[in-house]
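Quick notes on the structure that follows.
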Amino acid sequence: MTISGNTNPTARAERQGPCKFIFVTGGVVSSLGKGIAAASIANLLESRGLRVTLQKMDPYLNVDPGTMSPFQHGEVFVTEDGAETDLDLGHYERFTHAPLTQANNWTSGRIYEKILIKERRGDYLGKTVQVIPHVTNEIKASIQRVATDDIDVALIEIGGTVGDIESLPFLEAIRQMRHELGRDNTAFVHVTLVPYIAAAGELKTKPTQHSVKELRAIGIQPDVLVCRTETDISREIKEKIALFCDVSREAVVAARDVDSVYKVPVNFAEQQVDEILLKHLRIDAPPRNLAPWLEMLERLDHPSGEVAIGIVGKYVDYEDSYKSLKEALLHGGLTHRLKVDVRWVEAESITAAEAHQQLSGLDGILVPGGFGERGIDGMLEAIRYAREAKIPYFGICLGMQTMVIEYVRNVCGIRDAHSTEFEPAAKNRVFFKLRELKGVEDLGGTMRLGSWPCVLSPGTLAYQCYGKTRIEERHRHRYEFNREFDEPITSKGMVISGETPDKTYVEICELPGHPWYLGCQFHPEFKSKPLEPHPLFASFVGAAGVRRSSRDAERRRSEESQFLRARADA
Ligand code: GLN
């Protein structure tokens, strides 16, 4: 790595007029990592003392991804204000300090919803409501809304691929913004693919040329091309792309595959992407301070050990469904210099008879959030095994609910205990829709969404992790712990260590005397960042590390005694 860290704390750049915009589009194919590219540019700008924000525009017609299947759309990322958003917002938050809200993610569906409400209300005064100007104006207004006075640069990512019918209104809107705001205030970054064709032994630039041609047909001339490749791009190829696509050679950036997304900002810094954009936007900013980021990468690249964590869930074949969770485990590992080997375990495959064989090789077991009945029995078996075999266990949302249900059934002896999500008529309903019973109706129906305060009891594992009594965490669920079960579980040793300040909702339960056994009703993974690992993940991975060390020591002892026995026999 040729980029060195400036160890001075990041100096604030001086305010230089109204917010400027960097628009990020994608071409050739989807899944090129536009979100990571946008987040990495924002990361570099922040390292130069600039205040940034990011916004994602999704061209699909769903109003938000909240109702979409995790198989279709990956994880639903939840913001502080309870917006159910695209998983790219997770990257944005992990790579920067930008506080994101509902305003930072729009879909065509939500834009149209807004317009149709206005139309029904008669706001358009009898005019014909059209894609241009009404849809494009609404898009421009929602982009302008995140460009508040305290922001220097807003990065706007347009979802989809150039050439899609769906994304046209968004591209027209940003084209108009360049016309209105001028070249100095707007920059276009286009992310494309430069494939390596093995049969020819060559990198091919034609898809990029076509994609830029498509973009120019809409009236957008890119200023920077981020070319995704498997390898580096030679000077000649960069020159060829620059010539045919009409960008300067320095502005052709090779975004080669890297083994961690957290290395992308460094790769971009090596190619001066931030410098090129700042020059284009005429922004004077202090030099980069990448020291903390580089120190984090050093930990990532030089772990002192490894732990195996099993995620027992139902969307395990589609890892994007648990994006933030996977990242949060990695962050937890960074705290202890431990590499986390995530093992995806299909919940439906776990049985009581085989749990030992399936799970004993793990250093920690985690049941993540989820909806619906499939896999619940397997989760309950995995949790029972973790409790009895004293393997560190972390239950998140559904994983907390199943943790408590398992305890009520197998320790308190109430065999038919369940959640009404899985058995609507359950007599012993340990989890139920408390908000529906209380008549609470809000945006997500009866869903409890976004940041909620929680008070921790001193002397508990939860308190030890956070080191304070008052915390805030993000929620996305409907079912709540039924407080009639306080007595049964606490009399058998389980501890309620976190509650909402009014004590209505139970937020954290744990089991003293177990190496690490905790379930939380919220989703801590949404708040974990590589530079600020979440305390629960850090503590959980630490406990898994302790188990790994003792397992290693045990293995060494048994190998040693085997060796001694063999020698004595000889
Ligand atoms: N399905 C459960 C509920 O709605 C858990 C949700 C989750 O894990 N996010 O309460």
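Note on naming: chains are A, B, ... as they come in the structure tokens, residues start from 1 per chain, ligands start from 1 in the order shown.
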Can you tell me which residues come within 7 Å of ligand 1 when counting only C-alpha atoms and all ligand atoms, ideally as a VMD selection string?
chain A and resid 368 to 372 396 to 399 421 476 to 480
Would you mind exporting C-alpha atoms of the selected residues as a PDB file, in the first residue's frame?
```pdb
ATOM      1  CA  PRO A 368     -30.338 -13.657  13.296  1.00  0.00           C
ATOM      2  CA  GLY A 369     -33.567 -11.808  12.547  1.00  0.00           C
ATOM      3  CA  GLY A 370     -36.204 -13.320  10.336  1.00  0.00           C
ATOM      4  CA  PHE A 371     -39.889 -13.609   9.572  1.00  0.00           C
ATOM      5  CA  GLY A 372     -42.139 -16.630   9.158  1.00  0.00           C
ATOM      6  CA  ILE A 396     -30.872 -11.084  17.378  1.00  0.00           C
ATOM      7  CA  CYS A 397     -34.555 -10.144  17.137  1.00  0.00           C
ATOM      8  CA  LEU A 398     -36.072 -13.476  16.030  1.00  0.00           C
ATOM      9  CA  GLY A 399     -32.975 -15.056  17.601  1.00  0.00           C
ATOM     10  CA  GLU A 421     -46.382 -15.357  14.850  1.00  0.00           C
ATOM     11  CA  ARG A 476     -37.696  -3.892  12.906  1.00  0.00           C
ATOM     12  CA  HIS A 477     -40.222  -6.367  14.259  1.00  0.00           C
ATOM     13  CA  ARG A 478     -43.844  -6.841  15.274  1.00  0.00           C
ATOM     14  CA  TYR A 479     -43.815  -9.320  18.142  1.00  0.00           C
ATOM     15  CA  GLU A 480     -42.861  -8.436  21.718  1.00  0.00           C
TER      16      GLU A 480
END
```
Using only C-alpha atoms, determine which residues lie at most 10 Å from stretch 501-506 of chain A, disregarding the query and same-chain residues fewer than 3 positions distant; provide the list as a ChimeraX atom specification.
/A:434,452-456,470,480-483,486,496-498,509,520-521
Nearest residue to A:Lys492 from the set A:Lys279, A:Arg409, A:Arg343, A:Arg145 (distances using only C-alpha atoms):
A:Arg409
Let me make sure I understand: among A:Asp223, A:Arg235, A:Val24, A:Asp64, which one has the smallest atom-to-atom distance to A:Gly159 if we use only C-alpha atoms?
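Of A:Asp223, A:Arg235, A:Val24, A:Asp64, the one nearest A:Gly159, counting only C-alpha atoms, is A:Val24.
Considering only C-alpha atoms, the residue among A:Leu329, A:Val345, A:Met447, A:Leu44 positioned nearest to A:Gly542 is A:Leu329.
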Find, counting only C-alpha atoms, the residue in A:Asp88, A:Glu484, A:Glu250, A:Asp232 that gets nearest to A:Gly33.
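For A:Gly33, the nearest of the candidates is A:Asp88.
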Which polymer residues have any atom within 8 Å of an atom of A:Arg228, counting only C-alpha atoms, with same-chain residues fewer than 5 positions away left out, as an mmCIF file with N, CA, C and O atoms, in the first residue's frame?
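Everything below was put into around_17.cif:
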```
data_model
loop_
_atom_site.group_PDB
_atom_site.id
_atom_site.type_symbol
_atom_site.label_atom_id
_atom_site.label_comp_id
_atom_site.auth_asym_id
_atom_site.auth_seq_id
_atom_site.Cartn_x
_atom_site.Cartn_y
_atom_site.Cartn_z
ATOM 1 N N LEU A 32 -22.088 -4.047 -9.871
ATOM 2 C CA LEU A 32 -20.690 -3.666 -10.027
ATOM 3 C C LEU A 32 -20.141 -3.000 -8.770
ATOM 4 O O LEU A 32 -18.971 -2.642 -8.706
ATOM 5 N N VAL A 191 -19.763 4.034 -13.241
ATOM 6 C CA VAL A 191 -19.101 2.775 -12.874
ATOM 7 C C VAL A 191 -19.393 1.744 -13.958
ATOM 8 O O VAL A 191 -20.563 1.455 -14.249
ATOM 9 N N THR A 192 -18.354 1.211 -14.590
ATOM 10 C CA THR A 192 -18.575 0.253 -15.689
ATOM 11 C C THR A 192 -17.701 -0.988 -15.503
ATOM 12 O O THR A 192 -16.907 -1.064 -14.563
ATOM 13 N N LEU A 193 -17.858 -1.898 -16.424
ATOM 14 C CA LEU A 193 -17.109 -3.148 -16.357
ATOM 15 C C LEU A 193 -16.100 -3.210 -17.509
ATOM 16 O O LEU A 193 -16.435 -2.910 -18.647
ATOM 17 N N VAL A 194 -14.877 -3.606 -17.188
ATOM 18 C CA VAL A 194 -13.879 -3.876 -18.235
ATOM 19 C C VAL A 194 -13.519 -5.357 -18.097
ATOM 20 O O VAL A 194 -12.665 -5.729 -17.301
ATOM 21 N N PRO A 195 -14.228 -6.206 -18.835
ATOM 22 C CA PRO A 195 -14.050 -7.646 -18.619
ATOM 23 C C PRO A 195 -12.744 -8.178 -19.225
ATOM 24 O O PRO A 195 -12.250 -7.643 -20.217
ATOM 25 N N ALA A 254 -9.069 2.398 -12.249
ATOM 26 C CA ALA A 254 -9.182 0.935 -12.260
ATOM 27 C C ALA A 254 -9.640 0.472 -10.884
ATOM 28 O O ALA A 254 -8.924 0.607 -9.901
ATOM 29 N N ALA A 255 -10.857 -0.044 -10.845
ATOM 30 C CA ALA A 255 -11.357 -0.576 -9.572
ATOM 31 C C ALA A 255 -11.229 -2.090 -9.645
ATOM 32 O O ALA A 255 -12.172 -2.803 -9.954
ATOM 33 N N ARG A 256 -10.004 -2.564 -9.352
ATOM 34 C CA ARG A 256 -9.774 -4.008 -9.458
ATOM 35 C C ARG A 256 -10.427 -4.714 -8.262
ATOM 36 O O ARG A 256 -10.682 -4.097 -7.228
ATOM 37 N N ASP A 257 -10.688 -5.997 -8.436
ATOM 38 C CA ASP A 257 -11.281 -6.768 -7.341
ATOM 39 C C ASP A 257 -10.337 -6.756 -6.154
ATOM 40 O O ASP A 257 -9.123 -6.899 -6.304
#
```
Need the shell around A:Ser491: protein/DNA/RNA residues with any atom at most 12 Å away, counting only C-alpha atoms. Skip same-chain ones fewer than 4 positions apart. Format as a compact mmCIF listing (two decimals) with all heavy atoms, in the first residue's frame?
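Result file out.txt:
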```txt
# COMPACT_ATOMS: atom_id res chain seq x y z
N TYR A 407 -36.16 -21.37 26.34
CA TYR A 407 -35.97 -21.38 27.80
C TYR A 407 -37.29 -21.69 28.51
O TYR A 407 -37.34 -22.52 29.43
CB TYR A 407 -35.43 -20.02 28.26
CG TYR A 407 -34.64 -20.09 29.55
CD1 TYR A 407 -33.37 -20.66 29.57
CD2 TYR A 407 -35.16 -19.58 30.73
CE1 TYR A 407 -32.64 -20.72 30.74
CE2 TYR A 407 -34.43 -19.63 31.91
CZ TYR A 407 -33.16 -20.20 31.91
OH TYR A 407 -32.44 -20.26 33.07
N VAL A 408 -38.35 -21.05 28.06
CA VAL A 408 -39.67 -21.27 28.69
C VAL A 408 -40.07 -22.74 28.51
O VAL A 408 -40.57 -23.38 29.43
CB VAL A 408 -40.73 -20.32 28.10
CG1 VAL A 408 -42.10 -20.62 28.67
CG2 VAL A 408 -40.35 -18.87 28.37
N VAL A 411 -36.63 -25.16 30.12
CA VAL A 411 -36.15 -24.92 31.49
C VAL A 411 -37.34 -24.66 32.43
O VAL A 411 -37.41 -25.22 33.52
CB VAL A 411 -35.13 -23.75 31.55
CG1 VAL A 411 -34.65 -23.53 32.98
CG2 VAL A 411 -33.95 -24.04 30.63
N CYS A 412 -38.29 -23.85 31.96
CA CYS A 412 -39.47 -23.59 32.81
C CYS A 412 -40.51 -24.71 32.67
O CYS A 412 -41.48 -24.75 33.43
CB CYS A 412 -40.09 -22.25 32.46
SG CYS A 412 -38.91 -20.89 32.47
N PHE A 485 -44.55 -13.44 31.41
CA PHE A 485 -43.53 -14.48 31.54
C PHE A 485 -42.27 -14.00 32.26
O PHE A 485 -41.30 -14.73 32.37
CB PHE A 485 -43.20 -15.09 30.17
CG PHE A 485 -44.31 -15.98 29.68
CD1 PHE A 485 -45.38 -15.45 28.98
CD2 PHE A 485 -44.31 -17.35 29.96
CE1 PHE A 485 -46.43 -16.25 28.56
CE2 PHE A 485 -45.35 -18.16 29.53
CZ PHE A 485 -46.42 -17.61 28.84
N ASP A 486 -42.32 -12.79 32.80
CA ASP A 486 -41.18 -12.28 33.61
C ASP A 486 -40.84 -13.28 34.72
O ASP A 486 -39.69 -13.70 34.86
CB ASP A 486 -41.56 -10.96 34.31
CG ASP A 486 -41.25 -9.75 33.45
OD1 ASP A 486 -41.27 -9.90 32.21
OD2 ASP A 486 -40.99 -8.66 34.01
N GLU A 487 -41.86 -13.60 35.49
CA GLU A 487 -41.64 -14.43 36.68
C GLU A 487 -41.12 -15.83 36.30
O GLU A 487 -40.07 -16.25 36.80
CB GLU A 487 -42.92 -14.48 37.52
CG GLU A 487 -42.70 -14.88 38.97
CD GLU A 487 -42.55 -16.41 39.16
OE1 GLU A 487 -43.24 -17.16 38.44
OE2 GLU A 487 -41.74 -16.83 40.00
N VAL A 495 -32.08 -13.47 32.99
CA VAL A 495 -32.11 -12.10 33.48
C VAL A 495 -32.59 -11.17 32.37
O VAL A 495 -32.15 -11.28 31.22
CB VAL A 495 -30.69 -11.67 33.95
CG1 VAL A 495 -30.61 -10.16 34.16
CG2 VAL A 495 -30.34 -12.40 35.25
N ILE A 496 -33.52 -10.29 32.73
CA ILE A 496 -33.94 -9.25 31.77
C ILE A 496 -33.01 -8.07 32.02
O ILE A 496 -33.10 -7.40 33.05
CB ILE A 496 -35.42 -8.87 32.01
CG1 ILE A 496 -36.32 -10.08 31.70
CG2 ILE A 496 -35.81 -7.65 31.18
CD1 ILE A 496 -37.78 -9.91 32.05
N LEU A 511 -28.25 -14.93 30.15
CA LEU A 511 -28.18 -16.05 31.09
C LEU A 511 -26.85 -16.02 31.84
O LEU A 511 -25.81 -16.35 31.27
CB LEU A 511 -28.29 -17.35 30.29
CG LEU A 511 -28.72 -18.60 31.04
CD1 LEU A 511 -30.04 -18.38 31.76
CD2 LEU A 511 -28.84 -19.76 30.06
```
Name the residues in contact with A:Arg110 at a cut-off of 10 Å, using only C-alpha atoms, excluding same-chain residues fewer than 4 positions from it; report them as a ChimeraX atom specification.
/A:58-64,105-106,114-116
Non-local contacts of A:Arg282 (12 Å; only C-alpha atoms; under 2 positions in same chain excluded) as a ChimeraX atom specification
/A:16-17,19-21,152-153,182-187,274-280,284-285
Pick out the residues sitting within 8 Å of A:Ala426, and hand them over as a PyMOL selection string; count only C-alpha atoms, and ignore anything fewer than 5 positions along from it in its own chain.
chain A and resi 416-420
Please produce a file of the residues just selected, as a compact mmCIF listing (two decimals), in the first residue's frame, where the atoms kept are N, CA, C and O atoms.
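Output saved as result39.txt:
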```
# COMPACT_ATOMS: atom_id res chain seq x y z
N ASP A 416 -45.73 -25.97 25.64
CA ASP A 416 -46.40 -25.43 24.44
C ASP A 416 -46.15 -23.93 24.25
O ASP A 416 -46.84 -23.27 23.49
N ALA A 417 -45.15 -23.40 24.94
CA ALA A 417 -44.85 -21.96 24.80
C ALA A 417 -44.51 -21.63 23.35
O ALA A 417 -43.82 -22.41 22.68
N HIS A 418 -45.00 -20.51 22.84
CA HIS A 418 -44.69 -20.13 21.47
C HIS A 418 -44.90 -18.64 21.26
O HIS A 418 -45.31 -17.91 22.17
N SER A 419 -44.64 -18.21 20.03
CA SER A 419 -44.94 -16.84 19.63
C SER A 419 -46.20 -16.93 18.78
O SER A 419 -46.35 -17.88 18.00
N THR A 420 -47.07 -15.94 18.89
CA THR A 420 -48.30 -16.00 18.08
C THR A 420 -47.99 -15.81 16.59
O THR A 420 -48.85 -16.05 15.75
```
Using only C-alpha atoms, which residue out of A:Ile139, A:Val76, A:Ile233, A:Val212 lies closest to A:Thr107?
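Closest to A:Thr107, using only C-alpha atoms: A:Ile139.
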